[in-house]
Amino acid sequence: MASPTSERTSLWRNADFLRLWSGQSLSQFGSAITYFAIPVIAVTVLHASEEEMGVIGFLLRVPMVLFLVFGVLADRVRKRPILIWTDVARFVLLMLIPIAWFADMLTLAWIYGVIFAIGLLGTLFQTAYRSYFPFLVPPESFLEGNSKLQLTESAAQTFGPGLAAALLKVLSAPVLLVIDAVSYLASAIAVALIKRPEARPEPDDTTAGQVHKAIWQGMGWVLRHELIRPLAISSAVYSLFILGSMNSIYALYVIRDLGVPAAWFGSILAGGGVGSIIGALLAVKVMRRFAIGRVLLWSIVYGNLALFLIPLATGPVWVSVAMLVAAQLISGVTAQIFFVTNTTLVQTITPPRLQGRVVASIYSLGLIPAPLGALGAGLLAGAMGTRTALWVVVSLGALVPIAAMAWSPLAKLKEMPAPDPQ
């Protein structure tokens, strides 16, 4: 592997990567503002009911089930045009909302259609840019590049809603979307300026016209590979029990059971955002210092065990809040170190012809189980009580991934393996 100095130099001199990074950053901040502003418009302008807000939440997330299909598309066509045109399309779609508002034509049906389309385009963008990244960046710079991409993604998720809230004090929510839309247009321009020519992928005659077979090639490779399989299992279990189950009853537990003022809840969640930024900044240094297997194992051990501070929280309110903030901060730091290392490993060993489908398979396993977990957690909390339900879901969601990692070949991996020739 190249020295740290050469890695940094080669990446900062890679103008095409810098264009991709700037485009990704603008898209991420745009998405964060969109997901804040649209519910505000629905509530304050259109006076949406609880059920209608549920529909909006569903439509924002349901396009994630198409990650697998979009992974096939990303492996069959050039990826840069996908990035450009998904951003252009999101610019146009978002501009429709303030235009309709100015024309006094804005309805919830209009919002439903726009956010569903934006969700589809965002899912396609995410799949394409993650699989386009290895094309622009040499393997020895994957780690540093992923760290930079993840840093801006974490910053957007942490500061994007706050920025939107600040702008909302001087702009109406529909007008706020004009600024957001422009960010997508700027992202499209940044990616369009990438100069490296991208060849069309070689056609795969074995899966031509058979999307299900093409999907299984990617998913099957993930599940068969001895290094990738434990990562996929850990991701799916964590998604089911932590992202889905725990997060769905977290606010109820904090505000009702622990008696934490609702105004403090956002500050508690901010601990995770700050941790994510710190983790993204530390990821490169940690991975250069320690063996890759140790980084993957111990980041998940420390991060997952920190989650037990949540059901353990008790005593005076300030003590409970301190424990919750510590859990958010530690899990945020370790999650980013794990994600950057995990992503670098997957990109390094995945054959180029499967990059899109492997990215989509891992995203699917990491996101699709969450809604099922959310549904199950509500039923479990109703039957057992919120704290007991948290003990159950945190125990399963934290310990099963640790076991999957500890008993896999990953735990003993000392350096980045060579690319898989298959």
# chains A, B, ... in the order shown; residues from 1 in each chain; ligands from 1
$ residues_around --residues "A:Ala181" --least-positions-apart "2" --cutoff "9 Å" --atoms "only C-alpha atoms" --output "PyMOL selection string"
chain A and resi 30+34+87-88+90-95+176-179+183-186
$ residues_around --residues "stretch 313-321 of chain A" --least-positions-apart "5" --cutoff "8 Å" --atoms "only C-alpha atoms" --output "PyMOL selection string"
chain A and resi 258-260+268
$ write_last_selection --atoms "C-alpha atoms" --output "JSON list (two decimals), in the first residue's frame"
[["chain", "number", "residue", "atom", "x", "y", "z"],
["A", 258, "LEU", "CA", -37.22, 9.22, 31.70],
["A", 259, "GLY", "CA", -39.02, 12.55, 31.98],
["A", 260, "VAL", "CA", -36.52, 14.42, 29.79],
["A", 268, "ILE", "CA", -29.39, 14.44, 22.72]]
$ residues_around --residues "A:Ile38" --least-positions-apart "6" --cutoff "12 Å" --atoms "only C-alpha atoms" --output "PyMOL selection string"
chain A and resi 30-32+44-46+48+53+56-57+59-60+94+97-98+108+110-112+114-116+118+161+164+168+172-177+180
$ atom_distance --atom1 "atom CA of A:Arg288" --atom2 "atom CA of A:Pro134"
19.6 Å
$ residues_around --residues "stretch 270-277 of chain A" --least-positions-apart "2" --cutoff "8 Å" --atoms "only C-alpha atoms" --output "ChimeraX atom specification"
/A:151,154-155,157-158,266-268,279-281,325-326,328-336
$ residues_around --residues "stretch 69-81 of chain A" --least-positions-apart "2" --cutoff "8 Å" --atoms "only C-alpha atoms" --output "PyMOL selection string"
chain A and resi 66-67+83-85+123-124+127-129+131-132+191-192+198-203+211+214-215+353-361
$ residues_around --residues "stretch 384-387 of chain A" --least-positions-apart "5" --cutoff "12 Å" --atoms "only C-alpha atoms" --output "MDAnalysis selection string"
chainID A and resid 245:258 308:314 377:379 392:394
$ residues_around --residues "A:Gly397" --least-positions-apart "3" --cutoff "8 Å" --atoms "only C-alpha atoms" --output "PDB file with N, CA and C atoms, in the first residue's frame"
ATOM      1  N   VAL A 237     -28.867  -7.151  10.884  1.00  0.00           N
ATOM      2  CA  VAL A 237     -29.327  -7.285  12.273  1.00  0.00           C
ATOM      3  C   VAL A 237     -29.374  -5.924  12.959  1.00  0.00           C
ATOM      4  N   TYR A 238     -28.348  -5.120  12.752  1.00  0.00           N
ATOM      5  CA  TYR A 238     -28.308  -3.780  13.347  1.00  0.00           C
ATOM      6  C   TYR A 238     -29.472  -2.938  12.823  1.00  0.00           C
ATOM      7  N   SER A 239     -29.755  -3.042  11.533  1.00  0.00           N
ATOM      8  CA  SER A 239     -30.853  -2.297  10.943  1.00  0.00           C
ATOM      9  C   SER A 239     -32.190  -2.706  11.557  1.00  0.00           C
ATOM     10  N   LEU A 240     -32.403  -4.002  11.713  1.00  0.00           N
ATOM     11  CA  LEU A 240     -33.669  -4.507  12.238  1.00  0.00           C
ATOM     12  C   LEU A 240     -33.908  -4.049  13.673  1.00  0.00           C
ATOM     13  N   PHE A 241     -32.910  -4.238  14.524  1.00  0.00           N
ATOM     14  CA  PHE A 241     -33.119  -4.027  15.951  1.00  0.00           C
ATOM     15  C   PHE A 241     -32.749  -2.625  16.452  1.00  0.00           C
ATOM     16  N   ILE A 242     -31.762  -1.980  15.818  1.00  0.00           N
ATOM     17  CA  ILE A 242     -31.334  -0.665  16.299  1.00  0.00           C
ATOM     18  C   ILE A 242     -31.961   0.452  15.458  1.00  0.00           C
ATOM     19  N   ASN A 304     -21.418  -0.716  19.832  1.00  0.00           N
ATOM     20  CA  ASN A 304     -22.629  -1.448  20.200  1.00  0.00           C
ATOM     21  C   ASN A 304     -22.795  -1.564  21.708  1.00  0.00           C
ATOM     22  N   VAL A 393     -34.277  -5.386  22.354  1.00  0.00           N
ATOM     23  CA  VAL A 393     -33.808  -5.023  21.013  1.00  0.00           C
ATOM     24  C   VAL A 393     -32.344  -4.588  21.029  1.00  0.00           C
ATOM     25  N   VAL A 394     -31.913  -3.893  22.103  1.00  0.00           N
ATOM     26  CA  VAL A 394     -30.510  -3.498  22.181  1.00  0.00           C
ATOM     27  C   VAL A 394     -29.616  -4.722  22.360  1.00  0.00           C
ATOM     28  N   VAL A 400     -25.482  -9.648  18.582  1.00  0.00           N
ATOM     29  CA  VAL A 400     -25.412 -10.539  17.413  1.00  0.00           C
ATOM     30  C   VAL A 400     -24.383 -10.051  16.394  1.00  0.00           C
ATOM     31  N   PRO A 401     -24.353  -8.745  16.030  1.00  0.00           N
ATOM     32  CA  PRO A 401     -23.306  -8.291  15.118  1.00  0.00           C
ATOM     33  C   PRO A 401     -21.895  -8.482  15.673  1.00  0.00           C
TER      34      PRO A 401
END
$ decode --residues "stretch 81-94 of chain A" --atoms "all heavy atoms" --output "CSV table (one decimal), in the first residue's frame"
chain,number,residue,atom,x,y,z
A,81,PRO,N,-23.6,10.0,-16.2
A,81,PRO,CA,-24.8,10.6,-16.6
A,81,PRO,C,-26.0,10.4,-15.6
A,81,PRO,O,-26.8,11.2,-15.5
A,81,PRO,CB,-25.1,9.8,-17.9
A,81,PRO,CG,-23.8,9.4,-18.4
A,81,PRO,CD,-23.0,9.1,-17.2
A,82,ILE,N,-26.0,9.2,-14.9
A,82,ILE,CA,-27.0,9.0,-13.9
A,82,ILE,C,-26.9,10.1,-12.8
A,82,ILE,O,-27.9,10.7,-12.4
A,82,ILE,CB,-26.8,7.6,-13.2
A,82,ILE,CG1,-27.1,6.5,-14.3
A,82,ILE,CG2,-27.7,7.5,-12.0
A,82,ILE,CD1,-27.0,5.1,-13.7
A,83,LEU,N,-25.6,10.4,-12.3
A,83,LEU,CA,-25.5,11.4,-11.3
A,83,LEU,C,-25.9,12.8,-11.8
A,83,LEU,O,-26.6,13.5,-11.0
A,83,LEU,CB,-24.0,11.4,-10.9
A,83,LEU,CG,-23.4,10.1,-10.3
A,83,LEU,CD1,-21.9,10.3,-10.0
A,83,LEU,CD2,-24.1,9.7,-9.1
A,84,ILE,N,-25.6,13.1,-13.0
A,84,ILE,CA,-25.9,14.4,-13.5
A,84,ILE,C,-27.5,14.6,-13.6
A,84,ILE,O,-28.1,15.5,-13.1
A,84,ILE,CB,-25.3,14.7,-14.9
A,84,ILE,CG1,-23.7,14.7,-14.7
A,84,ILE,CG2,-25.8,16.0,-15.5
A,84,ILE,CD1,-23.0,14.7,-16.0
A,85,TRP,N,-28.1,13.6,-14.3
A,85,TRP,CA,-29.5,13.7,-14.6
A,85,TRP,C,-30.4,13.5,-13.4
A,85,TRP,O,-31.5,14.1,-13.3
A,85,TRP,CB,-29.9,12.9,-15.8
A,85,TRP,CG,-29.3,13.4,-17.0
A,85,TRP,CD1,-28.3,12.8,-17.8
A,85,TRP,CD2,-29.6,14.6,-17.7
A,85,TRP,NE1,-27.9,13.5,-18.8
A,85,TRP,CE2,-28.7,14.7,-18.8
A,85,TRP,CE3,-30.5,15.6,-17.5
A,85,TRP,CZ2,-28.8,15.8,-19.7
A,85,TRP,CZ3,-30.5,16.7,-18.3
A,85,TRP,CH2,-29.7,16.8,-19.4
A,86,THR,N,-30.0,12.7,-12.4
A,86,THR,CA,-30.8,12.6,-11.2
A,86,THR,C,-30.8,14.0,-10.4
A,86,THR,O,-31.8,14.4,-9.9
A,86,THR,CB,-30.3,11.5,-10.3
A,86,THR,OG1,-28.9,11.6,-10.0
A,86,THR,CG2,-30.6,10.1,-10.8
A,87,ASP,N,-29.6,14.7,-10.4
A,87,ASP,CA,-29.6,16.0,-9.8
A,87,ASP,C,-30.4,17.0,-10.6
A,87,ASP,O,-31.1,17.8,-10.0
A,87,ASP,CB,-28.1,16.4,-9.7
A,87,ASP,CG,-27.5,15.9,-8.4
A,87,ASP,OD1,-28.2,15.6,-7.5
A,87,ASP,OD2,-26.2,15.9,-8.4
A,88,VAL,N,-30.3,17.0,-11.9
A,88,VAL,CA,-31.1,17.9,-12.7
A,88,VAL,C,-32.6,17.7,-12.5
A,88,VAL,O,-33.4,18.6,-12.3
A,88,VAL,CB,-30.8,17.8,-14.2
A,88,VAL,CG1,-31.8,18.6,-15.0
A,88,VAL,CG2,-29.3,18.3,-14.5
A,89,ALA,N,-33.0,16.4,-12.4
A,89,ALA,CA,-34.4,16.1,-12.2
A,89,ALA,C,-34.9,16.5,-10.9
A,89,ALA,O,-36.0,17.0,-10.7
A,89,ALA,CB,-34.6,14.6,-12.4
A,90,ARG,N,-34.0,16.4,-9.8
A,90,ARG,CA,-34.4,16.8,-8.5
A,90,ARG,C,-34.5,18.3,-8.4
A,90,ARG,O,-35.4,18.8,-7.7
A,90,ARG,CB,-33.4,16.3,-7.5
A,90,ARG,CG,-33.6,14.8,-7.2
A,90,ARG,CD,-32.8,14.3,-6.0
A,90,ARG,NE,-31.4,14.1,-6.4
A,90,ARG,CZ,-30.4,13.7,-5.5
A,90,ARG,NH1,-30.8,13.3,-4.3
A,90,ARG,NH2,-29.2,13.6,-5.9
A,91,PHE,N,-33.7,19.0,-9.2
A,91,PHE,CA,-33.8,20.5,-9.3
A,91,PHE,C,-35.2,20.8,-9.8
A,91,PHE,O,-35.9,21.7,-9.3
A,91,PHE,CB,-32.7,21.0,-10.1
A,91,PHE,CG,-32.9,22.4,-10.7
A,91,PHE,CD1,-32.8,23.5,-9.8
A,91,PHE,CD2,-33.3,22.6,-12.0
A,91,PHE,CE1,-33.1,24.8,-10.3
A,91,PHE,CE2,-33.5,23.9,-12.5
A,91,PHE,CZ,-33.4,25.0,-11.6
A,92,VAL,N,-35.6,20.2,-10.9
A,92,VAL,CA,-36.8,20.5,-11.6
A,92,VAL,C,-38.0,20.2,-10.7
A,92,VAL,O,-39.0,21.0,-10.5
A,92,VAL,CB,-37.0,19.8,-12.9
A,92,VAL,CG1,-38.4,20.0,-13.5
A,92,VAL,CG2,-35.9,20.3,-13.9
A,93,LEU,N,-38.0,19.0,-10.1
A,93,LEU,CA,-39.1,18.6,-9.2
A,93,LEU,C,-39.3,19.5,-8.0
A,93,LEU,O,-40.4,19.9,-7.6
A,93,LEU,CB,-38.8,17.2,-8.7
A,93,LEU,CG,-39.1,16.1,-9.8
A,93,LEU,CD1,-38.5,14.7,-9.3
A,93,LEU,CD2,-40.6,15.9,-10.1
A,94,LEU,N,-38.2,19.9,-7.4
A,94,LEU,CA,-38.3,20.7,-6.2
A,94,LEU,C,-38.8,22.1,-6.6
A,94,LEU,O,-39.5,22.8,-5.8
A,94,LEU,CB,-36.9,20.9,-5.5
A,94,LEU,CG,-36.6,19.7,-4.6
A,94,LEU,CD1,-35.2,19.9,-3.9
A,94,LEU,CD2,-37.6,19.6,-3.4
